[in-house]
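Worksheet for the structure shown next.
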Amino acid sequence: MNTYLVFSIERQKFAVSVTMVLEVLQKQLITHIPAAPAHLLGIINFRGEILPVYNTRQKFNYSVSTNENSGFIIVFDFIKNDEKFTVAAEVDTVSDVIEIADQQIIEVPDLGLSFESNFIKGALKQNNDIKI
């Protein structure tokens, strides 16, 4: 069994391994960067380190939220090409911590997604709900 943090973006639920999560922050002031791509909200100061904050709504092609005071920021580590990155991502809600066995995760076919879908391990069907 592995432990996952469940969060949502536009009522769609996602889960990320808690081993990747450093902290869940209340929404805070994000310093915007001129001419940054739309999926980059800006930067924050996290424990003295400057981190990029990604707009998950934009990155996953959801509608843009008009409520700048709601939501959460998840700070996490990930490894790409043997290099470790610490980043932050804005999400609508953080709802739960759950245990999932690897055999419960169903592989998702290549859907031709416009973001790096290799970050999607699969889907979990649980109580008529699907988490990615």
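Each chain of the structure tokens is named A, B, ... in the order shown, its residues numbered from 1; ligands are numbered from 1 in display order.
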Each residue of region 62-102 of chain A lying at most 7 Å from region 18-38 of chain A should get a row with its shortest atom-to-atom pair and the distance in Å to one decimal, counting only C-alpha atoms; could you produce that, ordered by chain and increasing number, as CSV?
```
residue,atom,partner,partner_atom,distance
A:Asn69,CA,A:Lys27,CA,6.6
A:Ser70,CA,A:Lys27,CA,6.4
A:Gly71,CA,A:Lys27,CA,5.6
A:Phe72,CA,A:Lys27,CA,4.8
A:Ile73,CA,A:Leu25,CA,5.0
A:Ile74,CA,A:Val24,CA,4.6
A:Val75,CA,A:Glu23,CA,5.3
A:Phe76,CA,A:Val21,CA,4.3
A:Asp77,CA,A:Met20,CA,5.1
A:Phe78,CA,A:Met20,CA,6.4
```
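For chain A, a DSSP pass over the backbone yields alpha helix (DSSP H) at Thr56, Arg57, Gln58 and Lys59 of chain A.
Comparing the minimum interatomic distances between Leu40 (chain A) and each of A:Ala89, A:Ser17, A:Ile106, A:Met1, counting only C-alpha atoms, we find that A:Ala89 sits nearest.
Computed from the coordinates, the CA of Val94 (chain A) to CA of Phe14 (chain A) distance equals 9.6 Å.
Going from CA of Ala15 (chain A) to CA of Ile130 (chain A) covers 10.2 Å.
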query: Contacts of Ser8 (chain A) at 9 Å or less, counting only C-alpha atoms, minus same-chain residues fewer than 2 places along, as an MDAnalysis selection string?
result: chainID A and resid 6 10:15 91:95
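Using only C-alpha atoms, the shortest contact distance between Val16 (chain A) and any of A:Gln103, A:Thr86, A:Asn81, A:Asn2 is found at A:Asn2.
With only C-alpha atoms as the atoms that count, the residue of A:Val87, A:Leu51, A:Ile79, A:Ala123 with the shortest distance to Ile100 (chain A) is A:Ala123.
Of note, CA of Lys125 (chain A) and CA of Val108 (chain A) are spaced 11.9 Å apart.
Across A:Val64, A:Val53, A:Leu124, A:Ile43, the tightest approach to Ala101 (chain A) is made by A:Leu124 when counting only C-alpha atoms.
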query: Looking only at the backbone, which of the residues in chain A does DSSP tag as strand (DSSP E), as a ChimeraX atom specification?
result: /A:2-9,12-17,21-26,40-46,49-55,72-80,83-91,93-100,124-126,129-131
